[in-house]
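Structure data (compact mmCIF, C-alpha atoms and all ligand atoms) from run.txt:
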```
# COMPACT_ATOMS: atom_id res chain seq x y z
CA MET A 1 0.00 0.00 0.00
CA GLU A 2 1.29 3.49 -0.85
CA SER A 3 2.49 5.31 2.26
CA SER A 4 0.62 8.50 3.12
CA CYS A 5 3.85 9.97 4.54
CA LYS A 6 5.68 11.74 1.74
CA LYS A 7 9.05 13.29 1.17
CA VAL A 8 8.48 16.94 0.30
CA CYS A 9 10.57 20.05 -0.26
CA VAL A 10 9.66 23.53 1.03
CA THR A 11 11.72 26.44 -0.31
CA GLY A 12 11.95 29.39 2.08
CA GLY A 13 11.23 27.11 5.04
CA SER A 14 12.03 29.68 7.71
CA GLY A 15 9.82 32.46 6.32
CA TYR A 16 6.37 33.41 7.62
CA ILE A 17 4.32 31.04 5.45
CA GLY A 18 7.19 28.57 4.97
CA SER A 19 7.69 27.89 8.68
CA TRP A 20 3.95 27.39 9.36
CA LEU A 21 3.81 25.00 6.39
CA VAL A 22 6.91 23.07 7.52
CA LYS A 23 5.38 22.68 11.00
CA LYS A 24 2.11 21.34 9.61
CA LEU A 25 3.84 18.94 7.23
CA LEU A 26 6.01 17.56 10.05
CA GLU A 27 2.93 17.17 12.28
CA LYS A 28 1.28 15.15 9.52
CA GLY A 29 4.25 12.77 9.45
CA HIS A 30 5.92 13.91 6.23
CA THR A 31 9.67 14.17 5.76
CA VAL A 32 10.53 17.75 4.90
CA HIS A 33 13.52 19.09 2.98
CA ALA A 34 13.44 22.79 3.83
CA THR A 35 15.70 25.36 2.21
CA LEU A 36 17.00 28.62 3.57
CA ARG A 37 19.64 30.99 2.29
CA ASN A 38 22.09 30.67 5.12
CA LEU A 39 22.58 27.52 7.16
CA GLY A 40 24.94 29.54 9.34
CA ASP A 41 22.01 31.65 10.57
CA THR A 42 21.69 29.95 13.94
CA SER A 43 18.48 31.70 14.98
CA LYS A 44 16.62 30.46 11.86
CA VAL A 45 18.18 26.99 12.05
CA SER A 46 17.43 26.47 15.75
CA PHE A 47 13.88 27.81 15.27
CA LEU A 48 13.23 25.19 12.56
CA LYS A 49 15.03 22.44 14.47
CA SER A 50 12.82 23.11 17.50
CA LEU A 51 9.62 22.22 15.62
CA PRO A 52 7.89 19.00 16.72
CA ASN A 53 9.28 15.95 14.80
CA ALA A 54 12.10 18.06 13.32
CA ASP A 55 14.77 15.88 14.93
CA THR A 56 13.78 12.87 12.82
CA ARG A 57 11.96 14.28 9.79
CA LEU A 58 13.43 17.68 8.91
CA VAL A 59 16.49 18.08 6.69
CA LEU A 60 17.81 21.58 6.02
CA PHE A 61 19.48 22.68 2.79
CA GLN A 62 21.16 25.93 1.83
CA ALA A 63 19.86 27.41 -1.44
CA ASP A 64 19.59 30.92 -2.88
CA ILE A 65 17.37 31.91 -5.81
CA TYR A 66 20.31 33.96 -7.08
CA ASN A 67 22.14 30.58 -7.50
CA PRO A 68 19.07 28.55 -8.44
CA ASP A 69 20.93 25.29 -9.19
CA GLU A 70 21.42 25.01 -5.43
CA PHE A 71 17.80 23.78 -5.03
CA GLU A 72 18.50 20.55 -6.98
CA LEU A 73 19.85 18.66 -3.97
CA ALA A 74 16.88 19.57 -1.76
CA ILE A 75 14.41 18.53 -4.49
CA LYS A 76 16.10 15.21 -5.28
CA GLY A 77 13.97 12.26 -4.17
CA CYS A 78 10.94 14.37 -3.19
CA GLU A 79 7.41 13.70 -4.41
CA PHE A 80 6.08 17.22 -3.88
CA VAL A 81 7.81 20.60 -3.98
CA PHE A 82 6.34 23.74 -2.40
CA HIS A 83 8.11 26.76 -3.87
CA VAL A 84 7.37 29.38 -1.23
CA ALA A 85 10.56 31.49 -1.30
CA THR A 86 10.70 34.67 -3.29
CA PRO A 87 13.39 37.36 -3.54
CA MET A 88 11.95 40.47 -1.88
CA LEU A 89 15.02 42.65 -2.33
CA HIS A 90 17.46 42.62 -5.23
CA SER A 91 20.97 41.34 -4.51
CA PRO A 92 22.99 44.26 -5.91
CA GLN A 93 26.15 42.16 -6.21
CA SER A 94 24.40 39.86 -8.72
CA THR A 95 25.90 40.15 -12.20
CA GLN A 96 23.56 37.48 -13.55
CA TYR A 97 20.17 39.15 -12.92
CA LYS A 98 19.29 42.81 -13.17
CA ASP A 99 16.38 42.73 -10.73
CA THR A 100 14.18 40.48 -8.54
CA THR A 101 11.92 39.66 -11.50
CA GLU A 102 14.76 38.17 -13.53
CA ALA A 103 15.94 36.26 -10.45
CA ALA A 104 12.44 35.00 -9.55
CA VAL A 105 11.71 33.85 -13.12
CA ALA A 106 15.10 32.11 -13.41
CA GLY A 107 14.43 30.59 -9.97
CA VAL A 108 11.08 29.01 -10.90
CA LYS A 109 12.54 27.71 -14.19
CA SER A 110 15.49 26.11 -12.47
CA ILE A 111 13.29 24.62 -9.72
CA ALA A 112 10.76 23.27 -12.25
CA ASP A 113 13.63 21.81 -14.34
CA SER A 114 15.05 20.15 -11.22
CA CYS A 115 11.58 18.69 -10.51
CA VAL A 116 11.42 17.24 -14.04
CA ARG A 117 14.98 15.88 -13.86
CA SER A 118 14.36 14.27 -10.46
CA GLN A 119 11.82 11.81 -11.97
CA THR A 120 10.30 11.63 -8.48
CA VAL A 121 8.46 14.97 -8.21
CA LYS A 122 4.80 14.58 -9.09
CA ARG A 123 3.66 18.13 -8.39
CA LEU A 124 5.18 21.58 -7.92
CA ILE A 125 3.02 23.92 -5.83
CA TYR A 126 3.93 27.60 -6.16
CA THR A 127 2.91 30.22 -3.57
CA ALA A 128 1.61 32.95 -5.86
CA SER A 129 -0.03 36.24 -4.96
CA VAL A 130 -3.43 37.67 -5.73
CA MET A 131 -1.48 40.87 -6.49
CA ALA A 132 -0.74 39.20 -9.83
CA SER A 133 -4.45 38.87 -10.64
CA SER A 134 -5.86 42.37 -10.92
CA PRO A 135 -8.94 42.64 -13.16
CA LEU A 136 -7.53 45.87 -14.62
CA LYS A 137 -7.55 45.82 -18.42
CA GLU A 138 -4.13 45.62 -20.10
CA ASP A 139 -4.33 49.25 -21.31
CA GLY A 140 -5.26 50.42 -17.81
CA LEU A 141 -8.60 51.76 -19.06
CA GLY A 142 -11.22 50.14 -16.87
CA PHE A 143 -11.72 46.76 -15.30
CA LYS A 144 -12.96 43.38 -16.45
CA SER A 145 -16.39 42.40 -15.11
CA CYS A 146 -15.10 39.57 -12.91
CA LEU A 147 -11.92 38.85 -10.99
CA ASP A 148 -11.04 35.20 -11.45
CA GLU A 149 -8.12 33.00 -12.46
CA SER A 150 -8.07 34.49 -15.99
CA CYS A 151 -6.95 37.92 -14.68
CA TRP A 152 -3.32 39.03 -14.79
CA THR A 153 -2.09 42.34 -13.38
CA PRO A 154 -0.66 44.62 -16.10
CA VAL A 155 2.93 45.13 -14.95
CA ASN A 156 3.93 48.11 -17.07
CA LEU A 157 1.37 50.64 -15.82
CA SER A 158 1.91 53.06 -12.98
CA TYR A 159 -0.35 53.05 -9.93
CA GLN A 160 -1.20 55.84 -7.52
CA HIS A 161 -0.38 53.90 -4.34
CA SER A 162 2.54 51.86 -5.57
CA ASN A 163 6.26 52.43 -5.21
CA ASP A 164 9.39 50.80 -6.66
CA PHE A 165 9.41 48.02 -4.05
CA MET A 166 5.75 47.07 -4.55
CA MET A 167 5.96 47.26 -8.35
CA ALA A 168 9.06 45.05 -8.33
CA TYR A 169 7.17 42.57 -6.13
CA VAL A 170 4.06 42.54 -8.35
CA LYS A 171 6.13 42.16 -11.51
CA SER A 172 8.25 39.32 -10.13
CA LYS A 173 5.22 37.44 -8.75
CA THR A 174 3.28 37.88 -12.02
CA LEU A 175 6.03 36.83 -14.41
CA ALA A 176 7.29 34.00 -12.18
CA GLU A 177 3.76 32.57 -11.88
CA LYS A 178 3.23 32.72 -15.65
CA GLU A 179 6.59 31.02 -16.18
CA VAL A 180 5.92 28.17 -13.76
CA LEU A 181 2.41 27.58 -15.19
CA SER A 182 3.93 27.25 -18.68
CA TYR A 183 5.34 23.87 -17.55
CA ASN A 184 1.77 22.51 -17.63
CA GLU A 185 1.74 23.13 -21.40
CA ASP A 186 5.24 21.79 -22.06
CA GLN A 187 5.37 18.33 -23.69
CA ASN A 188 8.86 17.71 -22.26
CA SER A 189 7.60 18.04 -18.69
CA ASP A 190 4.24 16.30 -18.96
CA GLN A 191 4.97 14.12 -15.91
CA LEU A 192 5.04 17.23 -13.71
CA GLU A 193 1.85 18.91 -12.52
CA VAL A 194 2.13 22.59 -11.59
CA VAL A 195 -0.35 24.25 -9.22
CA THR A 196 -0.21 27.94 -8.37
CA LEU A 197 -2.11 29.30 -5.36
CA ALA A 198 -2.69 33.03 -5.80
CA CYS A 199 -3.02 33.87 -2.11
CA GLY A 200 -4.67 36.91 -0.57
CA LEU A 201 -3.06 38.89 2.24
CA VAL A 202 -2.04 36.33 4.87
CA ALA A 203 -2.53 37.12 8.56
CA GLY A 204 -3.57 35.61 11.90
CA GLY A 205 -0.88 33.87 13.92
CA THR A 206 2.84 33.43 13.37
CA LEU A 207 5.56 31.09 14.61
CA GLN A 208 8.15 33.84 14.19
CA ASN A 209 9.04 36.26 16.97
CA TYR A 210 8.20 39.28 14.83
CA PRO A 211 5.13 40.14 12.73
CA SER A 212 5.36 39.36 9.01
CA ALA A 213 4.98 42.24 6.55
CA SER A 214 1.48 40.99 5.73
CA ILE A 215 0.42 41.02 9.39
CA GLY A 216 1.99 44.50 9.52
CA CYS A 217 -0.33 45.60 6.66
CA VAL A 218 -3.43 44.10 8.32
CA LEU A 219 -2.64 45.91 11.59
CA SER A 220 -1.45 49.15 9.99
CA GLN A 221 -4.62 51.08 10.84
CA LEU A 222 -4.03 50.27 14.51
CA THR A 223 -0.27 50.76 14.59
CA GLY A 224 -0.31 53.89 12.40
CA ASN A 225 2.38 52.44 10.15
CA LEU A 226 2.03 54.44 6.93
CA ILE A 227 4.35 52.25 4.85
CA TYR A 228 2.28 49.13 5.56
CA TYR A 229 -0.95 51.11 5.16
CA GLU A 230 0.17 52.14 1.68
CA GLY A 231 0.35 48.41 0.91
CA LEU A 232 -3.35 48.07 1.82
CA ARG A 233 -4.24 51.06 -0.34
CA PHE A 234 -2.34 49.60 -3.29
CA LEU A 235 -4.19 46.28 -2.90
CA GLN A 236 -7.53 48.11 -2.87
CA GLU A 237 -6.49 50.18 -5.87
CA ILE A 238 -5.76 47.16 -8.07
CA LEU A 239 -8.26 44.66 -6.64
CA GLY A 240 -11.16 46.77 -5.33
CA THR A 241 -11.07 45.21 -1.85
CA ILE A 242 -8.53 43.49 0.35
CA PRO A 243 -8.54 39.70 -0.06
CA LEU A 244 -7.63 38.05 3.25
CA ILE A 245 -6.74 34.55 4.35
CA HIS A 246 -5.66 33.07 7.68
CA ILE A 247 -2.14 31.59 7.82
CA ASP A 248 -3.60 28.24 8.87
CA ASP A 249 -6.00 28.15 5.91
CA VAL A 250 -3.25 29.12 3.49
CA CYS A 251 -1.05 26.24 4.66
CA GLU A 252 -4.01 23.81 4.68
CA ALA A 253 -4.70 24.89 1.08
CA HIS A 254 -1.10 24.09 0.11
CA ILE A 255 -1.38 20.64 1.72
CA PHE A 256 -4.80 20.09 0.10
CA CYS A 257 -3.14 20.70 -3.29
CA MET A 258 -0.57 18.06 -2.44
CA GLU A 259 -3.10 15.48 -1.27
CA LYS A 260 -5.37 15.65 -4.35
CA PRO A 261 -4.66 12.65 -6.58
CA VAL A 262 -4.59 14.88 -9.68
CA MET A 263 -4.39 18.66 -9.76
CA LYS A 264 -2.87 21.35 -11.93
CA GLY A 265 -3.43 24.99 -12.88
CA ARG A 266 -4.01 28.33 -11.24
CA PHE A 267 -6.24 28.82 -8.17
CA LEU A 268 -7.18 32.00 -6.31
CA CYS A 269 -6.81 31.34 -2.59
CA SER A 270 -8.61 33.81 -0.36
CA ALA A 271 -11.29 33.33 2.28
CA VAL A 272 -12.85 36.79 2.45
CA ASN A 273 -12.77 40.31 1.01
CA ALA A 274 -13.05 43.52 2.97
CA THR A 275 -12.51 47.15 2.04
CA ILE A 276 -10.18 49.36 4.07
CA ASN A 277 -13.26 51.02 5.62
CA GLU A 278 -14.83 47.68 6.52
CA ILE A 279 -11.62 46.61 8.30
CA ALA A 280 -11.54 49.97 10.13
CA ASP A 281 -15.22 49.53 11.14
CA PHE A 282 -14.42 46.09 12.55
CA TYR A 283 -11.58 47.45 14.63
CA CYS A 284 -13.66 50.43 15.88
CA GLU A 285 -16.47 48.13 16.95
CA ASN A 286 -14.36 45.37 18.49
CA TYR A 287 -11.27 47.23 19.67
CA PRO A 288 -12.57 50.69 20.65
CA LYS A 289 -9.42 51.33 22.70
CA PHE A 290 -7.55 51.92 19.46
CA LYS A 291 -8.29 55.21 17.74
CA ILE A 292 -8.07 55.09 13.95
CA THR A 293 -7.37 58.49 12.45
CA GLU A 294 -8.93 59.66 9.18
CA LYS A 295 -5.59 59.20 7.44
CA PHE A 296 -6.04 55.44 7.88
CA THR A 297 -9.47 55.08 6.32
CA GLY A 298 -10.86 55.49 2.84
CA GLY A 299 -8.34 54.89 0.10
CA VAL A 300 -8.66 54.85 -3.65
CA GLU A 301 -11.78 53.17 -4.90
CA GLY A 302 -10.71 50.15 -6.89
CA PRO A 303 -12.73 48.03 -9.30
CA THR A 304 -16.20 47.11 -8.15
CA CYS A 305 -16.26 43.95 -10.22
CA LYS A 306 -17.51 40.55 -9.08
CA TRP A 307 -15.06 38.17 -7.43
CA ASP A 308 -15.02 34.47 -8.22
CA TYR A 309 -12.94 32.44 -5.76
CA THR A 310 -14.87 29.24 -6.25
CA LYS A 311 -12.38 27.25 -8.34
CA LEU A 312 -10.45 25.93 -5.30
CA VAL A 313 -13.67 25.37 -3.34
CA LYS A 314 -15.09 23.36 -6.25
CA GLU A 315 -12.01 21.11 -5.95
CA GLY A 316 -13.19 20.44 -2.38
CA PHE A 317 -11.20 22.91 -0.27
CA GLU A 318 -12.97 24.48 2.74
CA TYR A 319 -11.84 27.71 4.39
CA LYS A 320 -12.13 27.57 8.18
CA TYR A 321 -11.38 31.17 9.18
CA ASP A 322 -13.69 34.13 8.57
CA LEU A 323 -12.89 37.87 8.67
CA LYS A 324 -13.48 38.10 12.42
CA LYS A 325 -11.12 35.24 13.23
CA ILE A 326 -8.42 36.54 10.85
CA LEU A 327 -8.51 40.05 12.37
CA ASP A 328 -8.91 38.87 16.00
CA ASP A 329 -5.94 36.50 15.67
CA SER A 330 -3.87 39.24 14.02
CA VAL A 331 -4.60 41.65 16.89
CA GLU A 332 -3.72 38.96 19.41
CA THR A 333 -0.45 38.30 17.55
CA GLY A 334 0.30 42.03 17.49
CA ARG A 335 -0.29 42.24 21.25
CA ARG A 336 1.87 39.17 21.96
CA LEU A 337 4.71 40.61 19.88
CA GLY A 338 4.34 44.08 21.39
CA VAL A 339 3.60 46.02 18.20
CA PHE A 340 1.06 48.34 19.84
CA SER A 341 1.84 51.19 22.17
CA GLU A 342 -1.21 50.37 24.35
N1 LIG B 401 2.32 36.93 3.30
C1 LIG B 401 1.43 37.18 2.35
O1 LIG B 401 0.45 37.92 2.57
C2 LIG B 401 1.56 36.57 1.00
C3 LIG B 401 0.46 36.66 0.12
C4 LIG B 401 0.55 36.08 -1.14
C5 LIG B 401 1.71 35.40 -1.49
N2 LIG B 401 2.77 35.35 -0.64
C6 LIG B 401 3.98 34.63 -1.07
O2 LIG B 401 4.34 33.71 -0.06
C7 LIG B 401 5.74 33.51 -0.08
C8 LIG B 401 6.29 33.66 1.32
O3 LIG B 401 6.02 34.96 1.79
P1 LIG B 401 6.05 35.33 3.33
O4 LIG B 401 4.94 36.26 3.58
O5 LIG B 401 6.16 34.10 4.11
O6 LIG B 401 7.38 36.21 3.39
P2 LIG B 401 8.75 36.02 4.17
O7 LIG B 401 8.52 35.64 5.57
O8 LIG B 401 9.52 37.26 3.91
O9 LIG B 401 9.42 34.82 3.42
C9 LIG B 401 10.17 34.98 2.28
C10 LIG B 401 11.02 33.74 2.13
O10 LIG B 401 11.74 33.85 0.90
C11 LIG B 401 13.07 33.51 1.18
N3 LIG B 401 13.96 34.24 0.27
C12 LIG B 401 14.06 35.57 0.09
N4 LIG B 401 15.00 35.84 -0.83
C13 LIG B 401 15.49 34.65 -1.22
C14 LIG B 401 16.49 34.26 -2.13
N5 LIG B 401 17.20 35.15 -2.83
N6 LIG B 401 16.75 32.94 -2.27
C15 LIG B 401 16.07 32.01 -1.56
N7 LIG B 401 15.12 32.32 -0.67
C16 LIG B 401 14.83 33.62 -0.52
C17 LIG B 401 13.35 33.86 2.62
O11 LIG B 401 14.34 32.96 3.03
P3 LIG B 401 15.48 33.22 4.11
O12 LIG B 401 14.94 32.66 5.39
O13 LIG B 401 16.65 32.48 3.62
O14 LIG B 401 15.69 34.71 4.22
C18 LIG B 401 12.01 33.58 3.27
O15 LIG B 401 11.94 32.26 3.69
C19 LIG B 401 6.30 34.50 -1.11
O16 LIG B 401 6.47 33.83 -2.32
C20 LIG B 401 5.19 35.53 -1.22
O17 LIG B 401 5.21 36.14 -2.47
C21 LIG B 401 2.72 35.92 0.60
```
Go ahead and render the structure in this file as structure tokens.
Ligand SMILES: NC(=O)c1ccc[n+]([C@@H]2O[C@H](COP(=O)([O-])OP(=O)(O)OC[C@H]3O[C@@H](n4cnc5c(N)ncnc54)[C@H](OP(=O)(O)O)[C@@H]3O)[C@@H](O)[C@H]2O)c1
Amino acid sequence: MESSCKKVCVTGGSGYIGSWLVKKLLEKGHTVHATLRNLGDTSKVSFLKSLPNADTRLVLFQADIYNPDEFELAIKGCEFVFHVATPMLHSPQSTQYKDTTEAAVAGVKSIADSCVRSQTVKRLIYTASVMASSPLKEDGLGFKSCLDESCWTPVNLSYQHSNDFMMAYVKSKTLAEKEVLSYNEDQNSDQLEVVTLACGLVAGGTLQNYPSASIGCVLSQLTGNLIYYEGLRFLQEILGTIPLIHIDDVCEAHIFCMEKPVMKGRFLCSAVNATINEIADFYCENYPKFKITEKFTGGVEGPTCKWDYTKLVKEGFEYKYDLKKILDDSVETGRRLGVFSE
């Protein structure tokens, strides 16, 4: 009988989503090959090694997207690969790639090629972003009537609430996701199934001892952090509302995509939508101690098109966390990590 315990690889295993995913996979009895950029980083290594079952089932590998061949060893012998890592900041010393987009695209190609070469990897699951799926029309003039898996964010337009960092992120996530999905059409890699999960803003709990950037965005109206708040406004500008998903649901969705006997293609992965004002209303009602100033409400009106998130649900996935639970858990995390000056 085929064992239900698999050998899997998680790139970016010590990151926000990566570490929660590694923990869940270990709890379910899988053997996990997790990559990080620097095995000499003792705080990240000891954090991962302290996870339950890590002593017997976790193997760490050093691999950097700027040297993408380094992932081959971690992928070898695995049945499933979760490509979670992404370069957030450009490595200026790189002579090979001019920016994070070139590095991210080369990274997914190299990882997908390693999966094909391994002859053991059945499925590559890529952690994509809903920021790559704006319903904005390619010429920037108006929106499509529905936001679904057919939408791709135009990467050469300029946006009111964006900046160089956010545009670089959107461009790298969009082009890397398109590149990895192209392996589903490639005759030479027809043994490999590629799934991309275009995730909404991830919040709730964390295993790390600091809040992730995405939790920072969700709490920005309470902390008064304008840089993170600008991230929320940019999301609303290109998507109309803020798509949100709990960290636990996002990792369950990744594992769901592994457990399906057959699965490939692009899936939006978000439990709920809320506008900036709806999030502010929730905080005012449930956390009246915090005062949200006018600067942290409103925001550019984005598209008012319909959203269709049902593709993943039709495959059988069930979200467990609603808006209240996502925001309550985020506030609790913020309090535990001391981000508020209460
Ligand atoms: N959080 C969200 O709201 C959200 C929403 C949609 C999609 N996503 C996607 O989810 C993934 C994880 O994001 P996160 O929120 O968990 O962020 P994070 O905590 O910053 O994690 C980023 C990960 O990428 C790794 N990384 C960065 N540069 C790298 C490089 N040059 N080579 C290899 N690894 C590199 C980091 O590894 P080191 O430990 O070695 O630094 C880290 O593990 C990303 O692909 C992101 O686009 C996140």
Practice problem: Write out as a ChimeraX atom specification each polymer residue whose atoms come within 8 Å of Ser172 (chain A), counting all atoms listed in the file; drop sequence neighbours fewer than 6 positions from it. | Solution: /A:100-102,104-105
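Put simply, CA of Val194 (chain A) is 21.9 Å away from CA of Tyr66 (chain A).
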Self-check item: 7 Å contact set for region 260-274 of chain A, all atoms listed in the file, chain neighbours under 6 positions out, as a list in words
Solution: Val130, Glu149, Leu181, Glu193, Val194, Val195, Thr196, Leu197, Ala198, Cys199, Gly200, Thr241, Ile242, Pro243, Leu244, Ile245, Tyr309, Lys311, Leu312, Tyr319, Asp322 and Leu323 of chain A
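Each of A:Lys173, A:Lys295, A:Lys314, A:His254 was checked against Leu124 (chain A) using all atoms listed in the file; the smallest atom-to-atom distance is that of A:His254.
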Exercise. Taking all atoms listed in the file into account, report as a ChimeraX atom specification which residues have an atom no farther than 6 Å from an atom of ligand LIG 401 (chain B).
Key: /A:12-18,36-38,63-66,84-88,127-129,199-202,212,214
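Using only C-alpha atoms, the nearest neighbour of Gln119 (chain A) within the list A:Gln93, A:Thr31, A:Ser145, A:Ser189 is A:Ser189.
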Quiz item: Hey, which of A:Gln208, A:Ser110, A:Ser330, A:Asn163 ends up closest to Tyr183 (chain A)? Count all atoms listed in the file.
Solution: A:Ser110
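If only C-alpha atoms are the atoms counted, then among A:Ile227, A:Val313, A:Val81, A:Ala168 the closest residue to Ile125 (chain A) is A:Val81.
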Exercise. Within 12 Å of Lys28 (chain A), counting all atoms listed in the file, which residues show up once you throw out same-chain ones fewer than 5 positions away? Write them as a VMD selection string, please.
Key: chain A and resid 4 to 8 21 to 23 52 to 54 57 252 255 259
Exercise. For CA of Tyr210 (chain A) and CA of Tyr283 (chain A), determine how far apart the two atoms are, in Å to one decimal place.
Key: 21.4 Å
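Among the candidates A:Arg335, A:Phe234, A:Gly224, A:Phe61, the one nearest to Thr293 (chain A) when counting only C-alpha atoms is A:Gly224.
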Practice problem: Kindly give the distance, in Å, that separates CA of Phe82 (chain A) and CA of Asp308 (chain A), rounded to a single decimal. | Solution: 24.6 Å
Within 12 Å of Arg336 (chain A), counting all atoms listed in the file, which residues qualify if same-chain residues fewer than 3 places away don't, as a compact mmCIF listing (two decimals) with C-alpha atoms, keeping the file's coordinate frame?
```
# COMPACT_ATOMS: atom_id res chain seq x y z
CA GLY A 204 -3.57 35.61 11.90
CA GLY A 205 -0.88 33.87 13.92
CA THR A 206 2.84 33.43 13.37
CA LEU A 207 5.56 31.09 14.61
CA GLN A 208 8.15 33.84 14.19
CA ASN A 209 9.04 36.26 16.97
CA TYR A 210 8.20 39.28 14.83
CA PRO A 211 5.13 40.14 12.73
CA ASP A 329 -5.94 36.50 15.67
CA SER A 330 -3.87 39.24 14.02
CA VAL A 331 -4.60 41.65 16.89
CA GLU A 332 -3.72 38.96 19.41
CA THR A 333 -0.45 38.30 17.55
CA VAL A 339 3.60 46.02 18.20
CA PHE A 340 1.06 48.34 19.84
CA GLU A 342 -1.21 50.37 24.35
```
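The smallest atom-to-atom distance between Leu239 (chain A) and any of A:Leu39, A:Val116, A:Ile276, A:Ala34, using all atoms listed in the file, is found for A:Ile276.
For Cys9 (chain A), the list of residues within 7 Å, based on only C-alpha atoms and with local chain neighbours fewer than 2 positions off taken out, reads Thr11, Val32, His33, Ala34, Ala74, Ile75, Cys78, Phe80, Val81 and Phe82 of chain A.
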Exercise. Please tell me which residues are no farther than 7 Å from (3.8, 12.2, -7.4) in the file, counting only C-alpha atoms, and write them as an NGL selection string.
Key: :A and (79-80 or 120-123)
